[in-house]
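Asks: Sharing final-v7.tsv, TSV, C-alpha atoms:
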chain	number	residue	atom	x	y	z
A	7	MET	CA	33.83	-24.64	-7.30
A	8	SER	CA	34.51	-26.31	-10.62
A	9	ALA	CA	34.89	-24.01	-13.62
A	10	VAL	CA	31.88	-24.89	-15.78
A	11	THR	CA	31.03	-22.03	-18.12
A	12	LEU	CA	28.13	-23.55	-20.10
A	13	SER	CA	28.82	-27.13	-21.14
A	14	LYS	CA	25.38	-28.06	-22.45
A	15	THR	CA	22.36	-26.35	-23.95
A	16	LEU	CA	20.20	-24.63	-21.33
A	17	GLN	CA	16.50	-23.81	-21.59
A	18	VAL	CA	15.53	-20.69	-19.65
A	19	ALA	CA	12.29	-18.83	-18.93
A	20	LEU	CA	12.01	-15.26	-17.65
A	21	LEU	CA	8.75	-14.61	-15.79
A	22	GLN	CA	7.46	-11.05	-16.31
A	23	PHE	CA	4.35	-10.31	-14.25
A	24	HIS	CA	2.68	-7.52	-12.27
A	25	CYS	CA	3.98	-7.00	-8.72
A	26	GLY	CA	1.57	-5.21	-6.38
A	27	GLY	CA	1.02	-4.51	-2.72
A	28	ASP	CA	-0.59	-7.86	-1.79
A	29	LYS	CA	2.17	-10.36	-0.98
A	30	THR	CA	-0.21	-13.32	-1.05
A	31	ALA	CA	-1.46	-12.31	-4.49
A	32	ASN	CA	2.10	-11.79	-5.71
A	33	LEU	CA	3.14	-15.30	-4.64
A	34	ALA	CA	0.00	-16.72	-6.23
A	35	LYS	CA	1.02	-14.99	-9.46
A	36	VAL	CA	4.45	-16.63	-9.22
A	37	THR	CA	2.77	-20.03	-8.87
A	38	GLN	CA	0.60	-19.33	-11.90
A	39	PHE	CA	3.53	-18.26	-14.06
A	40	ILE	CA	5.74	-21.16	-12.97
A	41	GLU	CA	2.97	-23.60	-13.84
A	42	ARG	CA	2.65	-21.98	-17.26
A	43	ALA	CA	6.39	-22.00	-17.88
A	44	ILE	CA	6.85	-25.64	-16.91
A	45	GLN	CA	4.28	-26.66	-19.55
A	46	HIS	CA	6.41	-25.16	-22.31
A	47	ASP	CA	8.12	-27.50	-24.76
A	48	PRO	CA	11.01	-27.76	-24.25
A	49	LYS	CA	10.64	-27.55	-20.49
A	50	PRO	CA	12.79	-24.79	-18.94
A	51	GLN	CA	15.61	-25.93	-16.67
A	52	LEU	CA	16.00	-22.44	-15.20
A	53	LEU	CA	13.35	-19.89	-14.21
A	54	VAL	CA	14.19	-16.24	-13.51
A	55	LEU	CA	11.90	-13.93	-11.51
A	56	PRO	CA	11.86	-10.10	-11.39
A	57	GLU	CA	13.32	-7.75	-8.82
A	58	CYS	CA	11.04	-7.13	-5.79
A	59	PHE	CA	8.45	-9.59	-7.05
A	60	GLN	CA	6.62	-10.03	-3.72
A	61	SER	CA	6.45	-6.37	-2.73
A	62	PRO	CA	5.93	-2.91	-4.17
A	63	TYR	CA	9.13	-1.26	-5.37
A	64	ALA	CA	8.97	1.62	-2.89
A	65	VAL	CA	11.53	2.75	-0.33
A	66	ASP	CA	8.84	3.37	2.28
A	67	GLN	CA	7.45	-0.17	1.89
A	68	PHE	CA	10.52	-2.44	1.89
A	69	ALA	CA	10.50	-2.83	5.69
A	70	ASN	CA	6.85	-3.94	5.63
A	71	TYR	CA	7.65	-6.85	3.30
A	72	ALA	CA	11.10	-7.78	4.63
A	73	GLU	CA	11.66	-11.42	5.60
A	74	ARG	CA	14.36	-13.47	7.22
A	75	ILE	CA	16.31	-15.91	5.08
A	76	PRO	CA	16.04	-18.89	4.81
A	77	GLU	CA	13.08	-19.38	7.14
A	78	GLY	CA	10.90	-16.64	5.68
A	79	GLU	CA	7.68	-17.23	3.76
A	80	THR	CA	9.06	-16.38	0.33
A	81	SER	CA	12.29	-18.38	0.72
A	82	THR	CA	10.29	-21.42	1.78
A	83	PHE	CA	7.82	-20.90	-1.05
A	84	LEU	CA	10.53	-20.75	-3.74
A	85	SER	CA	12.28	-23.79	-2.30
A	86	GLU	CA	9.05	-25.75	-2.53
A	87	GLN	CA	8.45	-24.62	-6.11
A	88	ALA	CA	11.94	-25.67	-7.18
A	89	LYS	CA	11.49	-29.12	-5.62
A	90	LYS	CA	7.96	-29.58	-6.93
A	91	TYR	CA	8.92	-28.91	-10.54
A	92	ASN	CA	12.53	-30.13	-10.41
A	93	VAL	CA	13.76	-26.80	-11.75
A	94	SER	CA	16.41	-24.23	-10.82
A	95	ILE	CA	15.14	-20.78	-9.86
A	96	ILE	CA	16.85	-17.39	-9.72
A	97	GLY	CA	14.38	-15.85	-7.31
A	98	GLY	CA	14.31	-12.24	-8.46
A	99	SER	CA	14.77	-10.31	-5.25
A	100	ILE	CA	12.97	-9.66	-1.97
A	101	PRO	CA	13.57	-7.31	0.96
A	102	GLU	CA	15.62	-9.23	3.55
A	103	ILE	CA	15.89	-8.36	7.23
A	104	ASP	CA	19.22	-9.17	8.88
A	105	ASP	CA	18.95	-9.74	12.63
A	106	ASN	CA	22.71	-9.29	13.08
A	107	ASP	CA	22.87	-5.66	11.98
A	108	GLY	CA	19.18	-4.75	11.82
A	109	GLY	CA	19.56	-3.79	8.18
A	110	ILE	CA	17.24	-4.43	5.26
A	111	TYR	CA	18.79	-5.64	2.01
A	112	ASN	CA	17.53	-6.13	-1.53
A	113	THR	CA	18.40	-9.82	-1.85
A	114	SER	CA	18.27	-12.46	-4.57
A	115	LEU	CA	18.25	-16.19	-3.80
A	116	VAL	CA	19.07	-19.04	-6.17
A	117	PHE	CA	17.63	-22.52	-5.70
A	118	ASN	CA	18.71	-25.80	-7.28
A	119	PRO	CA	16.13	-28.45	-8.30
A	120	LYS	CA	16.36	-29.95	-4.81
A	121	GLY	CA	15.10	-26.69	-3.33
A	122	GLU	CA	18.46	-25.88	-1.76
A	123	ILE	CA	19.78	-22.31	-1.70
A	124	VAL	CA	22.99	-22.32	-3.76
A	125	ALA	CA	23.56	-18.55	-3.96
A	126	LYS	CA	22.54	-15.34	-2.22
A	127	HIS	CA	23.24	-11.87	-3.60
A	128	ARG	CA	22.59	-8.62	-1.81
A	129	LYS	CA	22.30	-5.67	-4.19
A	130	VAL	CA	25.69	-4.00	-4.08
A	131	HIS	CA	24.89	-0.67	-5.73
A	132	LEU	CA	21.83	1.14	-4.36
A	133	PHE	CA	19.65	3.14	-6.74
A	134	ASP	CA	20.07	6.71	-5.52
A	135	ILE	CA	19.26	9.16	-8.32
A	136	SER	CA	17.53	12.45	-9.00
A	137	ILE	CA	16.68	13.36	-12.59
A	138	PRO	CA	15.17	16.86	-12.93
A	139	GLY	CA	11.74	16.55	-14.47
A	140	GLY	CA	12.10	12.77	-14.37
A	141	ILE	CA	12.44	10.64	-11.26
A	142	THR	CA	13.89	10.88	-7.76
A	143	PHE	CA	14.52	7.64	-5.91
A	144	LYS	CA	16.84	6.84	-3.01
A	145	GLU	CA	17.08	3.20	-1.98
A	146	SER	CA	19.59	4.05	0.71
A	147	ASP	CA	16.81	5.71	2.68
A	148	SER	CA	15.71	2.22	3.73
A	149	LEU	CA	18.20	-0.34	2.36
A	150	LYS	CA	21.79	-1.28	3.12
A	151	PRO	CA	24.16	-2.37	0.32
A	152	GLY	CA	25.67	-5.82	-0.08
A	153	ASN	CA	29.44	-6.22	-0.01
A	154	LYS	CA	30.39	-9.10	-2.31
A	155	VAL	CA	30.46	-10.34	-5.89
A	156	THR	CA	28.24	-13.38	-6.37
A	157	VAL	CA	29.48	-16.24	-8.58
A	158	PHE	CA	27.92	-19.67	-8.30
A	159	ASP	CA	27.48	-23.06	-9.95
A	160	ILE	CA	24.31	-25.07	-10.44
A	161	PRO	CA	25.80	-28.56	-10.92
A	162	GLU	CA	22.49	-30.02	-12.09
A	163	ILE	CA	22.72	-27.89	-15.23
A	164	ASP	CA	26.53	-27.73	-15.46
A	165	THR	CA	26.63	-23.97	-15.53
A	166	ARG	CA	28.43	-21.15	-13.74
A	167	PHE	CA	26.65	-17.82	-13.25
A	168	GLY	CA	27.25	-14.31	-12.04
A	169	LEU	CA	24.39	-12.45	-10.37
A	170	GLY	CA	23.50	-8.80	-9.95
A	171	ILE	CA	20.33	-6.86	-9.20
A	172	CYS	CA	19.05	-4.01	-11.39
A	173	TYR	CA	21.33	-0.98	-10.76
A	174	ASP	CA	24.27	-3.37	-10.35
A	175	ILE	CA	24.33	-3.69	-14.16
A	176	ARG	CA	25.57	-0.12	-14.50
A	177	PHE	CA	28.82	-1.12	-12.80
A	178	PRO	CA	30.82	-3.38	-15.15
A	179	GLU	CA	33.15	-4.71	-12.47
A	180	LEU	CA	30.67	-7.30	-11.14
A	181	ALA	CA	30.24	-8.90	-14.55
A	182	MET	CA	33.98	-8.66	-15.31
A	183	ILE	CA	34.86	-10.48	-12.12
A	184	ALA	CA	32.22	-13.15	-12.69
A	185	ALA	CA	33.40	-13.77	-16.27
A	186	ARG	CA	37.04	-14.00	-15.21
A	187	ARG	CA	35.98	-16.49	-12.54
A	188	GLY	CA	34.44	-18.70	-15.24
A	189	ALA	CA	30.83	-17.50	-15.48
A	190	GLY	CA	29.20	-17.87	-18.89
A	191	ILE	CA	25.89	-16.29	-17.88
A	192	MET	CA	25.18	-13.05	-16.04
A	193	ALA	CA	21.67	-12.71	-14.59
A	194	TYR	CA	20.09	-9.41	-13.55
A	195	PRO	CA	16.61	-9.32	-12.02
A	196	GLY	CA	15.74	-5.64	-12.45
A	197	ALA	CA	13.01	-3.04	-12.32
A	198	PHE	CA	14.13	-0.12	-14.46
A	199	ASN	CA	11.45	2.56	-14.70
A	200	THR	CA	9.85	4.18	-17.72
A	201	VAL	CA	12.38	7.05	-17.64
A	202	THR	CA	15.65	5.11	-17.40
A	203	GLY	CA	14.39	1.95	-19.13
A	204	PRO	CA	14.03	3.29	-22.68
A	205	LYS	CA	17.39	5.06	-22.39
A	206	PHE	CA	19.52	2.34	-20.85
A	207	TRP	CA	17.96	-1.11	-20.28
A	208	SER	CA	18.94	-2.84	-23.52
A	209	LYS	CA	22.16	-0.85	-23.87
A	210	PHE	CA	23.51	-2.13	-20.56
A	211	ALA	CA	22.43	-5.70	-21.32
A	212	VAL	CA	24.25	-5.61	-24.66
A	213	ALA	CA	27.29	-3.88	-23.15
A	214	ARG	CA	27.73	-6.43	-20.35
A	215	ALA	CA	27.35	-9.28	-22.87
A	216	ILE	CA	29.94	-7.86	-25.28
A	217	ASP	CA	32.34	-6.76	-22.53
A	218	ASN	CA	32.51	-10.26	-21.10
A	219	GLN	CA	31.45	-12.49	-24.01
A	220	ASN	CA	28.70	-14.15	-22.02
A	221	TYR	CA	24.92	-14.49	-22.05
A	222	VAL	CA	22.94	-11.84	-20.15
A	223	LEU	CA	19.50	-12.50	-18.67
A	224	MET	CA	17.38	-9.45	-17.73
A	225	CYS	CA	14.07	-10.09	-15.95
A	226	SER	CA	11.70	-7.22	-15.12
A	227	PRO	CA	8.24	-6.94	-13.59
A	228	ALA	CA	5.47	-6.15	-16.07
A	229	ARG	CA	4.20	-2.58	-16.10
A	230	ASN	CA	1.41	-2.24	-13.56
A	231	PRO	CA	-1.82	-0.83	-15.01
A	232	GLN	CA	-3.09	-0.15	-11.47
A	233	GLY	CA	-0.49	2.55	-10.87
A	234	GLY	CA	2.35	2.77	-8.39
A	235	TYR	CA	5.92	2.24	-9.58
A	236	GLN	CA	5.95	1.78	-13.34
A	237	ALA	CA	8.50	-0.83	-14.39
A	238	TYR	CA	9.86	-0.71	-17.93
A	239	GLY	CA	9.39	-4.41	-18.61
A	240	HIS	CA	11.22	-5.68	-21.72
A	241	SER	CA	12.76	-8.78	-20.12
A	242	MET	CA	15.39	-10.04	-22.52
A	243	VAL	CA	18.15	-12.49	-23.30
A	244	VAL	CA	21.36	-11.33	-25.00
A	245	ASP	CA	24.01	-13.63	-26.47
A	246	PRO	CA	27.82	-13.33	-26.07
A	247	ASP	CA	28.07	-11.29	-29.31
A	248	GLY	CA	25.59	-8.74	-28.01
A	249	GLU	CA	22.67	-9.92	-30.13
A	250	ILE	CA	19.25	-9.66	-28.45
A	251	LEU	CA	17.82	-13.15	-28.86
A	252	VAL	CA	14.38	-12.36	-27.43
A	253	GLU	CA	12.73	-9.31	-25.84
A	254	ALA	CA	9.33	-8.87	-24.20
A	255	GLY	CA	7.13	-5.81	-24.33
A	256	HIS	CA	5.83	-4.27	-21.09
A	257	GLU	CA	2.88	-6.60	-20.53
A	258	GLU	CA	2.68	-9.82	-18.52
A	259	THR	CA	4.42	-12.59	-20.43
A	260	ILE	CA	7.03	-15.35	-20.28
A	261	VAL	CA	10.23	-15.06	-22.30
A	262	TYR	CA	11.77	-18.35	-23.40
A	263	ALA	CA	15.28	-18.82	-24.75
A	264	GLU	CA	17.76	-21.54	-25.52
A	265	LEU	CA	21.34	-20.87	-24.41
A	266	LYS	CA	23.47	-23.04	-26.63
A	267	LYS	CA	26.42	-25.02	-25.33
A	268	ASP	CA	29.94	-24.01	-26.29
A	269	VAL	CA	28.79	-20.62	-27.69
A	270	VAL	CA	30.54	-18.74	-24.90
A	271	GLU	CA	33.79	-20.65	-25.42
A	272	GLU	CA	33.56	-20.25	-29.20
A	273	THR	CA	32.98	-16.50	-28.92
A	274	ARG	CA	35.91	-16.10	-26.54
A	275	ARG	CA	38.10	-18.25	-28.80
A	276	ASN	CA	37.23	-16.35	-31.98
A	277	ILE	CA	38.00	-12.94	-30.48
A	278	PRO	CA	40.31	-13.80	-27.59
A	279	PHE	CA	40.49	-10.48	-25.78
A	280	SER	CA	39.99	-12.32	-22.50
A	281	VAL	CA	43.64	-13.41	-22.75
A	282	GLN	CA	44.87	-10.20	-24.35
A	283	ARG	CA	44.35	-7.85	-21.44
A	284	ARG	CA	47.34	-5.72	-20.42
A	285	PHE	CA	47.50	-6.02	-16.68
A	286	ASP	CA	50.97	-4.50	-16.89
A	287	VAL	CA	49.24	-1.32	-18.04
A	288	TYR	CA	46.06	-1.42	-15.91
A	289	SER	CA	44.97	-3.40	-12.87
A	290	ASP	CA	42.90	-6.61	-12.83
A	291	VAL	CA	39.64	-5.91	-10.97
A	292	SER	CA	39.11	-9.64	-10.45
A	293	LYS	CA	42.32	-10.14	-8.48
A	294	ASP	CA	41.28	-9.46	-4.88
A	295	PRO	CA	37.51	-8.93	-4.57
A	296	VAL	CA	35.20	-10.61	-2.08
A	297	VAL	CA	33.62	-13.35	-4.22
A	298	SER	CA	31.13	-15.84	-2.79
A	299	ALA	CA	28.01	-17.81	-3.62
A	300	LEU	CA	26.53	-17.56	-0.11
How does this structure look as C-alpha cells?
Replies:
Amino acid sequence: MSAVTLSKTLQVALLQFHCGGDKTANLAKVTQFIERAIQHDPKPQLLVLPECFQSPYAVDQFANYAERIPEGETSTFLSEQAKKYNVSIIGGSIPEIDDNDGGIYNTSLVFNPKGEIVAKHRKVHLFDISIPGGITFKESDSLKPGNKVTVFDIPEIDTRFGLGICYDIRFPELAMIAARRGAGIMAYPGAFNTVTGPKFWSKFAVARAIDNQNYVLMCSPARNPQGGYQAYGHSMVVDPDGEILVEAGHEETIVYAELKKDVVEETRRNIPFSVQRRFDVYSDVSKDPVVSAL
C-alpha cells in the first residue's frame, strides 16, 4: 500500500435518497441517482451511498435483506455500476451474511472503476442506546461487530481513505489510525436519527476532521416521508480545518464537492501537531491495531 494522501483534486458526490422496504425499488433509486450524478459537470470520480441503502434500518429486518459478499445481488449491482460509469463507489452499507460464523454484519464495500472490490468494512461499533423519552435501538440484537480498522487506496484516483459506518464516528480511534496510516479522507456512510442527528451529526464530522486534519465525507439516507426509521439527512463534506464545505437538508438530493489536492498536506504542515504528539506521555493507538482493506 503506497502512502498517497490526496495528490490531485477529487470530485465527489454524496447520494442522499429514501431507503424503504422494497429492495428492488431501492436499487432502482441508486441507479437513478448515479445516472443523475454522472451527468454533473465536473463529473464525479467518487460516489458515496448511505448506510443501509437497500434495506430498512431496523434490527428485526436486517436478516431479511442480508446477502453474501461478493456474489450477492447488491455487490454485483454496485460492481456493474462502477464499471458502467468508470467511477469509484463507496457503497454505503448493506446487511451481510457470513457463512463461516452465521453472523450478520453491517458492511460497506468499496469498488474501483473496474468494478473490483478494493475495501470491505464491517461496522465496528454497534448502535446500542436508550435515551429516555427519545429513542431505544440495539443493533446487537441482530448484528455482530467487525474487528478491524479499514484503510485503503484507490490507485485510479491516487487517494488513501479510512472508512467507518455511522456510530463508528463517535469513536475517534478509527480516524486517528487511518490518518496516521496516511489517509487524507475519512468516509462515514451513516443514518443518524432525528434525535441524535441535530445534537451530534455535524459536531462529530467537524471533530474528526480537525482531530486528524483530513476531509470527512458523511452520507445519510434522506428522511422518509412514508414513515419508518427517520434518518436525519444532512449529508456533508468537511475540510481538514473543520469547515463545512457543503451540507444537504433532509430531502432527496445529491451533494457535490471538490476535494483539493495538497490541502491535507498544507493543513498538516501549517499546524504540525501530527509530529508533535508525546508518545512518551501517552500511547499511540495506531501502533498495533488490526488494519486491513479487505
Asks: Near stretch 148-152 of chain A, within 8 Å and counting only C-alpha atoms, which residues show up once chain neighbours fewer than 5 positions away are dropped, as a PDB file with C-alpha atoms, in the coordinates of the input?
Replies:
ATOM      1  CA  VAL A  65      11.530   2.750  -0.330  1.00  0.00           C
ATOM      2  CA  ASP A  66       8.840   3.370   2.280  1.00  0.00           C
ATOM      3  CA  PHE A  68      10.520  -2.440   1.890  1.00  0.00           C
ATOM      4  CA  ALA A  69      10.500  -2.830   5.690  1.00  0.00           C
ATOM      5  CA  GLY A 109      19.560  -3.790   8.180  1.00  0.00           C
ATOM      6  CA  ILE A 110      17.240  -4.430   5.260  1.00  0.00           C
ATOM      7  CA  TYR A 111      18.790  -5.640   2.010  1.00  0.00           C
ATOM      8  CA  ASN A 112      17.530  -6.130  -1.530  1.00  0.00           C
ATOM      9  CA  HIS A 127      23.240 -11.870  -3.600  1.00  0.00           C
ATOM     10  CA  ARG A 128      22.590  -8.620  -1.810  1.00  0.00           C
ATOM     11  CA  LYS A 129      22.300  -5.670  -4.190  1.00  0.00           C
ATOM     12  CA  VAL A 130      25.690  -4.000  -4.080  1.00  0.00           C
ATOM     13  CA  HIS A 131      24.890  -0.670  -5.730  1.00  0.00           C
ATOM     14  CA  LEU A 132      21.830   1.140  -4.360  1.00  0.00           C
TER      15      LEU A 132
END
Asks: Skip A:Ile277 itself and residues of its chain fewer than 4 positions away, then list as a list in words all residues within 12 Å of it, counting only C-alpha atoms.
Replies: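 Listed by chain and then number, they are Ile216, Asp217, Asn218, Gln219, Pro246, Asp247, Val270, Glu271, Glu272, Thr273, Val281 and Gln282 of chain A.
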Asks: Go through stretch 198-278 of chain A and flag each residue having an atom no more than 8 Å from stretch 170-187 of chain A; for those, report the closest pair of atoms plus their distance in Å to one decimal, using only C-alpha atoms, ordered by chain and rising number, as a Markdown table.
Replies:
| residue | atom | partner | partner_atom | distance |
| --- | --- | --- | --- | --- |
| A:Phe198 | CA | A:Cys172 | CA | 7.0 |
| A:Phe210 | CA | A:Ile175 | CA | 6.6 |
| A:Ala211 | CA | A:Ile175 | CA | 7.7 |
| A:Arg214 | CA | A:Pro178 | CA | 6.8 |
| A:Asp217 | CA | A:Met182 | CA | 7.6 |
| A:Asn218 | CA | A:Ala185 | CA | 6.0 |
| A:Asn220 | CA | A:Ala185 | CA | 7.4 |
Asks: Write out as a list in words each polymer residue whose atoms come within 9 Å of stretch 23-39 of chain A, counting only C-alpha atoms; drop sequence neighbours fewer than 4 positions from it.
Replies: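 Contacts, in chain order: Ala43, Ile44, Leu55, Pro56, Cys58, Phe59, Gln60, Ser61, Pro62, Tyr63, Tyr71, Thr80, Phe83, Gln87, Ser226, Pro227, Ala228, Arg229, Asn230, Pro231, Gln232, Gly234, Gly239, Glu257, Glu258, Thr259 and Ile260 of chain A.
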Asks: Which residue is closest to A:Arg166? Choose from A:Tyr235, A:Tyr221, A:Tyr194, A:Phe206 and count only C-alpha atoms.
Replies: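 The shortest atom-to-atom distance to A:Arg166 comes from A:Tyr221.
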Asks: Would you compute an axis-aligned box for stretch 224-242 of chain A, covering every atom listed for it in the file with 3 Å of margin on each side, and report centre and edge lengths in Å to one decimal as lines of an AutoDock Vina configuration file?
Replies:
center_x = 7.1
center_y = -3.7
center_z = -15.5
size_x = 26.5
size_y = 18.9
size_z = 20.1
Asks: Find the residues around A:Tyr238 up to 7 Å (all atoms listed in the file counted), leave out those fewer than 5 positions away in its own chain, and share them as number ranges by chain.
Replies: A: 197-200, 203, 229, 256
